[in-house]
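K.L.:
Before anything else, here's the structure in question.
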Amino acid sequence: MKTLASGRRTVVLRSRRWPFSQRIDVQSWLVIGGLFAVAGFLTIVSLASGDFAVSFPDVIGALLGQADGRTHMVVVEWRLPRVLLALILGAALGMAGAIFQSLTRNPLGSPDIIGFDAGSYTGALIVITLLGGGYMAVAGGALVGGLVTALLVYLLAYRRGVQGFRLIIVGIGVSAMLNSLNTWMLLRAKVEVAMMASVWGAGSLNGMTLERLSYAGVILLVLIPAALLLSRPLAQLELGDDAARGLGVNAEKSRVLLLVVGVGLTAVVTATAGPIGFVALVAPQLARRLTGDAGVALLPAAAMGGVLLLAADFIAQRAFAPTQLPVGIVTVSLGGIYFAWLLIREARR
């Protein structure tokens, strides 16, 4: 174990057989371990709670395939897909937020602020209201909508390179225009379709199934490792384009790849559960506060995003039971509380 000049303790892993070495930040991995423990506890509580209460030992038994048929159906077939989707979709949002906040070098640079969420929602709405189709069609529409919006924001913000503040301002403007377009499409749609799209647009994990979990899981199994592979050029881009080029990084190519991966992570969430606000904005900031790391923290942000969305979904199910709220309403409320805390904290300085 080594202690860097910054005071952070690290462990360097090296392979004698393969050309592999990796520096492990001890505090970051302690935080990730703690967040995994919290996620495990919330998972057990979520699987045990509901109209059909299940004891903790029976939940463990159902997960191990040792419970009776009814308990297995409630825990594994009904509740487990929702819990796992909350974890992986929250992780995707946390990772997407960390990517965009790092690219823009601004804590407000999350996909729900700079319009990529709205673009994905627009693409999905076009499929739902005009074309029709199942999950894959909506997912494709969300991905195309997010990518087109990202390309539009990128081109409008480009002036001999892209600066974070200009990207955010352009993104907020594009987001406002897309929200107006989304409202217009809902007003023009048939009542049944508009009601279905409006409920979905609030962001909800109600009615999640193993089929939805498998679709989203397969796509995220590609996107999340891709984001981790791009974490090194992302960290070098934080030093500035000139410094990154000096380290051998193709700045524009790396930025475009990161945009595609970040938009893809956001689009998967939008296609699966609708637009869910504030998790992508808050999770990376909370993760950085816990790890004390000012740089890129994709894994801690992903772990924090999973915990936040799972906790928000539990509140959405239990706060006004038997009525279940869309989880998007809870995340927006928690995001508002977080911003109020930030304002009070800054005012006391």
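Residue names in the structure tokens use chain letters A, B, ... in the order shown, residue numbers from 1 in each chain, and ligand numbers from 1 in the order shown.
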Counting only C-alpha atoms, what is within 8 Å of region 254-266 of chain A, bar same-chain residues fewer than 3 positions away, as a PyMOL selection string?
P.N.:
chain A and resi 92-93+95-97+99-100+103+111+116-117+120+143+146-147+150+220+223-224+226-227+230+233-234+249-251+269-270
K.L.:
Using DSSP secondary structure from the backbone, list all alpha helix (DSSP H) positions within region 37-137 of chain A, as a ChimeraX atom specification.
P.N.:
/A:37-48,56-63,69-72,80-104,116-126,135-137
K.L.:
With a distance cut-off of 12 Å and only C-alpha atoms, select the neighbouring residues of Ser198 (chain A), excluding the residue or stretch itself and same-chain residues fewer than 6 positions from it, and output the selection as a PDB file with N, CA and C atoms, in the first residue's frame.
P.N.:
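Below you can see selection.pdb, which holds the result:
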```
ATOM      1  N   TYR A 121     -36.938  11.146 -24.508  1.00  0.00           N
ATOM      2  CA  TYR A 121     -38.384  11.125 -24.293  1.00  0.00           C
ATOM      3  C   TYR A 121     -39.113  11.471 -25.585  1.00  0.00           C
ATOM      4  N   ALA A 124     -38.973   8.478 -27.927  1.00  0.00           N
ATOM      5  CA  ALA A 124     -39.896   7.433 -27.483  1.00  0.00           C
ATOM      6  C   ALA A 124     -41.350   7.843 -27.722  1.00  0.00           C
ATOM      7  N   LEU A 125     -41.668   9.130 -27.491  1.00  0.00           N
ATOM      8  CA  LEU A 125     -43.038   9.604 -27.704  1.00  0.00           C
ATOM      9  C   LEU A 125     -43.450   9.494 -29.163  1.00  0.00           C
ATOM     10  N   ILE A 128     -44.384   5.937 -29.667  1.00  0.00           N
ATOM     11  CA  ILE A 128     -45.619   5.554 -28.972  1.00  0.00           C
ATOM     12  C   ILE A 128     -46.847   6.175 -29.628  1.00  0.00           C
ATOM     13  N   THR A 129     -46.783   7.474 -29.928  1.00  0.00           N
ATOM     14  CA  THR A 129     -47.977   8.191 -30.398  1.00  0.00           C
ATOM     15  C   THR A 129     -48.195   8.087 -31.905  1.00  0.00           C
ATOM     16  N   ASN A 182     -42.890  17.878 -26.806  1.00  0.00           N
ATOM     17  CA  ASN A 182     -43.490  16.708 -26.154  1.00  0.00           C
ATOM     18  C   ASN A 182     -44.920  17.002 -25.701  1.00  0.00           C
ATOM     19  N   THR A 183     -45.123  18.186 -25.117  1.00  0.00           N
ATOM     20  CA  THR A 183     -46.473  18.566 -24.676  1.00  0.00           C
ATOM     21  C   THR A 183     -47.421  18.651 -25.864  1.00  0.00           C
ATOM     22  N   MET A 185     -47.229  17.017 -28.704  1.00  0.00           N
ATOM     23  CA  MET A 185     -47.540  15.670 -29.196  1.00  0.00           C
ATOM     24  C   MET A 185     -48.568  14.983 -28.306  1.00  0.00           C
ATOM     25  N   LEU A 186     -48.458  15.185 -26.991  1.00  0.00           N
ATOM     26  CA  LEU A 186     -49.436  14.579 -26.080  1.00  0.00           C
ATOM     27  C   LEU A 186     -50.824  15.170 -26.291  1.00  0.00           C
ATOM     28  N   LEU A 187     -50.888  16.485 -26.556  1.00  0.00           N
ATOM     29  CA  LEU A 187     -52.181  17.126 -26.782  1.00  0.00           C
ATOM     30  C   LEU A 187     -52.823  16.663 -28.090  1.00  0.00           C
ATOM     31  N   ALA A 189     -52.356  13.639 -29.462  1.00  0.00           N
ATOM     32  CA  ALA A 189     -52.546  12.188 -29.502  1.00  0.00           C
ATOM     33  C   ALA A 189     -53.950  11.806 -29.034  1.00  0.00           C
ATOM     34  N   LYS A 190     -54.348  10.556 -29.340  1.00  0.00           N
ATOM     35  CA  LYS A 190     -55.614  10.039 -28.833  1.00  0.00           C
ATOM     36  C   LYS A 190     -55.561   9.990 -27.311  1.00  0.00           C
ATOM     37  N   VAL A 191     -56.749  10.100 -26.693  1.00  0.00           N
ATOM     38  CA  VAL A 191     -56.802  10.212 -25.236  1.00  0.00           C
ATOM     39  C   VAL A 191     -56.142   9.011 -24.563  1.00  0.00           C
ATOM     40  N   GLU A 192     -56.436   7.803 -25.058  1.00  0.00           N
ATOM     41  CA  GLU A 192     -55.883   6.609 -24.414  1.00  0.00           C
ATOM     42  C   GLU A 192     -54.362   6.585 -24.536  1.00  0.00           C
ATOM     43  N   SER A 204     -41.660   5.523 -14.039  1.00  0.00           N
ATOM     44  CA  SER A 204     -42.238   4.559 -13.109  1.00  0.00           C
ATOM     45  C   SER A 204     -41.640   3.175 -13.307  1.00  0.00           C
ATOM     46  N   GLY A 274     -39.191   5.280 -18.453  1.00  0.00           N
ATOM     47  CA  GLY A 274     -39.539   6.688 -18.636  1.00  0.00           C
ATOM     48  C   GLY A 274     -38.428   7.573 -18.088  1.00  0.00           C
ATOM     49  N   PRO A 275     -38.517   8.877 -18.343  1.00  0.00           N
ATOM     50  CA  PRO A 275     -37.470   9.793 -17.849  1.00  0.00           C
ATOM     51  C   PRO A 275     -37.506   9.907 -16.329  1.00  0.00           C
ATOM     52  N   PRO A 326     -45.326   7.122  -9.055  1.00  0.00           N
ATOM     53  CA  PRO A 326     -44.210   6.972  -9.997  1.00  0.00           C
ATOM     54  C   PRO A 326     -42.905   7.346  -9.304  1.00  0.00           C
TER      55      PRO A 326
END
```
K.L.:
Just to confirm, what's the straight-line distance from CA of Asp112 (chain A) to CA of Val153 (chain A) in Å (one decimal)?
P.N.:
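These atoms are spaced 13.2 Å apart.
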K.L.:
Extract, using only C-alpha atoms, all DNA, RNA and protein residues at most 9 Å from Ala48 (chain A), discarding same-chain residues fewer than 4 positions from it, and format them as a ChimeraX atom specification.
P.N.:
/A:43-44,52-56,58-59,75,79
K.L.:
Name the residues in contact with Ala283 (chain A) at a cut-off of 6 Å, using only C-alpha atoms, excluding same-chain residues fewer than 4 positions from it; report them as a ChimeraX atom specification.
P.N.:
/A:94,279,301,304-305
K.L.:
Which residue gives the smallest distance to Ser110 (chain A) among A:Val148, A:Asp68, A:Leu131, A:Ala98, with only C-alpha atoms counted?
P.N.:
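Smallest distance to Ser110 (chain A) is found for A:Ala98.
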K.L.:
Pick out the closest residue to Ala235 (chain A) from this set: A:Ser102, A:Thr291, A:Ser175, A:Ser333. Count only C-alpha atoms.
P.N.:
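When distances to Ala235 (chain A) are compared using only C-alpha atoms, the smallest one comes from A:Ser102.
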K.L.:
Separation of CA of Ala39 (chain A) and CA of Ser214 (chain A), in Å?
P.N.:
20.2 Å
K.L.:
Choose the residue, out of A:Asp25, A:Asp51, A:Asp241, A:Asp293, that has the smallest atom-to-atom separation from Thr323 (chain A); count only C-alpha atoms.
P.N.:
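Ranked by minimum distance to Thr323 (chain A), first place goes to A:Asp51.
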K.L.:
Which residues come within 8 Å of Gly123 (chain A), counting only C-alpha atoms, excluding same-chain residues fewer than 4 positions away, as number ranges by chain?
P.N.:
A: 119, 127, 138, 141-146
K.L.:
Could you write out that same residue set with N, CA, C and O atoms as a compact mmCIF listing (two decimals), in the first residue's frame?
P.N.:
```
# COMPACT_ATOMS: atom_id res chain seq x y z
N GLY A 119 -34.63 14.62 -25.10
CA GLY A 119 -34.51 14.09 -26.46
C GLY A 119 -34.90 12.62 -26.53
O GLY A 119 -35.58 12.19 -27.47
N VAL A 127 -42.47 7.28 -31.27
CA VAL A 127 -42.79 5.87 -31.52
C VAL A 127 -44.14 5.50 -30.91
O VAL A 127 -44.97 4.85 -31.56
N VAL A 138 -39.65 1.27 -28.83
CA VAL A 138 -39.55 2.45 -27.96
C VAL A 138 -38.10 2.70 -27.57
O VAL A 138 -37.63 3.84 -27.55
N GLY A 141 -36.38 4.24 -30.47
CA GLY A 141 -36.77 5.64 -30.59
C GLY A 141 -36.09 6.51 -29.55
O GLY A 141 -35.64 7.63 -29.84
N ALA A 142 -35.99 6.01 -28.31
CA ALA A 142 -35.33 6.77 -27.25
C ALA A 142 -33.85 6.97 -27.55
O ALA A 142 -33.30 8.06 -27.33
N LEU A 143 -33.21 5.92 -28.06
CA LEU A 143 -31.78 6.03 -28.36
C LEU A 143 -31.54 7.02 -29.50
O LEU A 143 -30.66 7.89 -29.42
N VAL A 144 -32.35 6.90 -30.58
CA VAL A 144 -32.19 7.82 -31.71
C VAL A 144 -32.49 9.26 -31.27
O VAL A 144 -31.75 10.19 -31.62
N GLY A 145 -33.56 9.44 -30.50
CA GLY A 145 -33.90 10.78 -30.02
C GLY A 145 -32.79 11.38 -29.17
O GLY A 145 -32.43 12.55 -29.32
N GLY A 146 -32.20 10.57 -28.28
CA GLY A 146 -31.11 11.06 -27.45
C GLY A 146 -29.88 11.40 -28.25
O GLY A 146 -29.22 12.43 -28.03
```
K.L.:
What does the structure give for the distance between CA of Ala62 (chain A) and CA of Leu309 (chain A), in Å to one decimal?
P.N.:
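Result for CA of Ala62 (chain A) versus CA of Leu309 (chain A): 23.5 Å, one decimal.
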K.L.:
Do you know which residues are at most 12 Å from Ala157 (chain A) counting only C-alpha atoms, after dropping those on the same chain fewer than 4 positions away, and could you put them as JSON, numbers by chain?
P.N.:
{"A": [104, 114, 150, 151, 152, 153, 161, 162, 163, 164, 165, 166, 167, 168, 169, 170, 171, 172, 173, 174]}
K.L.:
Take the residues just selected and output them with N, CA and C atoms as an mmCIF file, in the first residue's frame.
P.N.:
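Wrote it out as selection.cif, contents follow:
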```cif
data_model
loop_
_atom_site.group_PDB
_atom_site.id
_atom_site.type_symbol
_atom_site.label_atom_id
_atom_site.label_comp_id
_atom_site.auth_asym_id
_atom_site.auth_seq_id
_atom_site.Cartn_x
_atom_site.Cartn_y
_atom_site.Cartn_z
ATOM 1 N N THR A 104 -18.323 18.205 -19.193
ATOM 2 C CA THR A 104 -18.623 19.635 -19.149
ATOM 3 C C THR A 104 -17.840 20.356 -18.058
ATOM 4 N N ILE A 114 -29.155 19.045 -19.493
ATOM 5 C CA ILE A 114 -28.727 19.527 -20.807
ATOM 6 C C ILE A 114 -29.533 18.916 -21.950
ATOM 7 N N ALA A 150 -28.180 15.000 -28.716
ATOM 8 C CA ALA A 150 -26.782 15.207 -28.348
ATOM 9 C C ALA A 150 -26.000 15.816 -29.505
ATOM 10 N N LEU A 151 -26.264 15.320 -30.735
ATOM 11 C CA LEU A 151 -25.572 15.864 -31.907
ATOM 12 C C LEU A 151 -25.949 17.326 -32.121
ATOM 13 N N LEU A 152 -27.249 17.642 -31.974
ATOM 14 C CA LEU A 152 -27.709 19.026 -32.151
ATOM 15 C C LEU A 152 -27.072 19.956 -31.119
ATOM 16 N N VAL A 153 -27.085 19.533 -29.846
ATOM 17 C CA VAL A 153 -26.491 20.361 -28.786
ATOM 18 C C VAL A 153 -24.993 20.533 -29.019
ATOM 19 N N GLY A 161 -14.093 23.945 -30.726
ATOM 20 C CA GLY A 161 -14.068 23.095 -29.537
ATOM 21 C C GLY A 161 -15.347 23.318 -28.736
ATOM 22 N N VAL A 162 -15.532 22.513 -27.715
ATOM 23 C CA VAL A 162 -16.744 22.602 -26.900
ATOM 24 C C VAL A 162 -16.375 22.962 -25.469
ATOM 25 N N GLN A 163 -16.963 24.061 -24.966
ATOM 26 C CA GLN A 163 -16.769 24.445 -23.572
ATOM 27 C C GLN A 163 -17.982 24.008 -22.758
ATOM 28 N N GLY A 164 -17.721 23.566 -21.520
ATOM 29 C CA GLY A 164 -18.779 23.001 -20.695
ATOM 30 C C GLY A 164 -19.932 23.951 -20.443
ATOM 31 N N PHE A 165 -19.633 25.217 -20.113
ATOM 32 C CA PHE A 165 -20.698 26.157 -19.778
ATOM 33 C C PHE A 165 -21.595 26.412 -20.981
ATOM 34 N N ARG A 166 -20.979 26.563 -22.179
ATOM 35 C CA ARG A 166 -21.773 26.806 -23.387
ATOM 36 C C ARG A 166 -22.636 25.583 -23.714
ATOM 37 N N LEU A 167 -22.093 24.393 -23.521
ATOM 38 C CA LEU A 167 -22.858 23.168 -23.763
ATOM 39 C C LEU A 167 -24.085 23.111 -22.861
ATOM 40 N N ILE A 168 -23.923 23.508 -21.604
ATOM 41 C CA ILE A 168 -25.049 23.469 -20.659
ATOM 42 C C ILE A 168 -26.125 24.476 -21.061
ATOM 43 N N ILE A 169 -25.707 25.714 -21.410
ATOM 44 C CA ILE A 169 -26.687 26.743 -21.788
ATOM 45 C C ILE A 169 -27.452 26.320 -23.038
ATOM 46 N N VAL A 170 -26.716 25.830 -24.051
ATOM 47 C CA VAL A 170 -27.386 25.362 -25.275
ATOM 48 C C VAL A 170 -28.312 24.192 -24.948
ATOM 49 N N GLY A 171 -27.853 23.274 -24.091
ATOM 50 C CA GLY A 171 -28.660 22.109 -23.722
ATOM 51 C C GLY A 171 -29.944 22.503 -23.019
ATOM 52 N N ILE A 172 -29.877 23.506 -22.130
ATOM 53 C CA ILE A 172 -31.090 23.957 -21.433
ATOM 54 C C ILE A 172 -32.091 24.533 -22.441
ATOM 55 N N GLY A 173 -31.590 25.295 -23.419
ATOM 56 C CA GLY A 173 -32.484 25.850 -24.442
ATOM 57 C C GLY A 173 -33.122 24.764 -25.286
ATOM 58 N N VAL A 174 -32.326 23.795 -25.731
ATOM 59 C CA VAL A 174 -32.867 22.693 -26.538
ATOM 60 C C VAL A 174 -33.862 21.875 -25.720
#
```
K.L.:
In terms of the shortest atom-to-atom distance over only C-alpha atoms, which of A:Arg318, A:Arg212, A:Arg348, A:Arg159 is closest to Leu85 (chain A)?
P.N.:
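Of A:Arg318, A:Arg212, A:Arg348, A:Arg159, the one nearest Leu85 (chain A), counting only C-alpha atoms, is A:Arg212.
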K.L.:
Counting only C-alpha atoms, which residue out of A:Leu47, A:Thr149, A:Trp200, A:Met195 sits closest to Met177 (chain A)?
P.N.:
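Under the stated criterion, the closest residue is A:Thr149.
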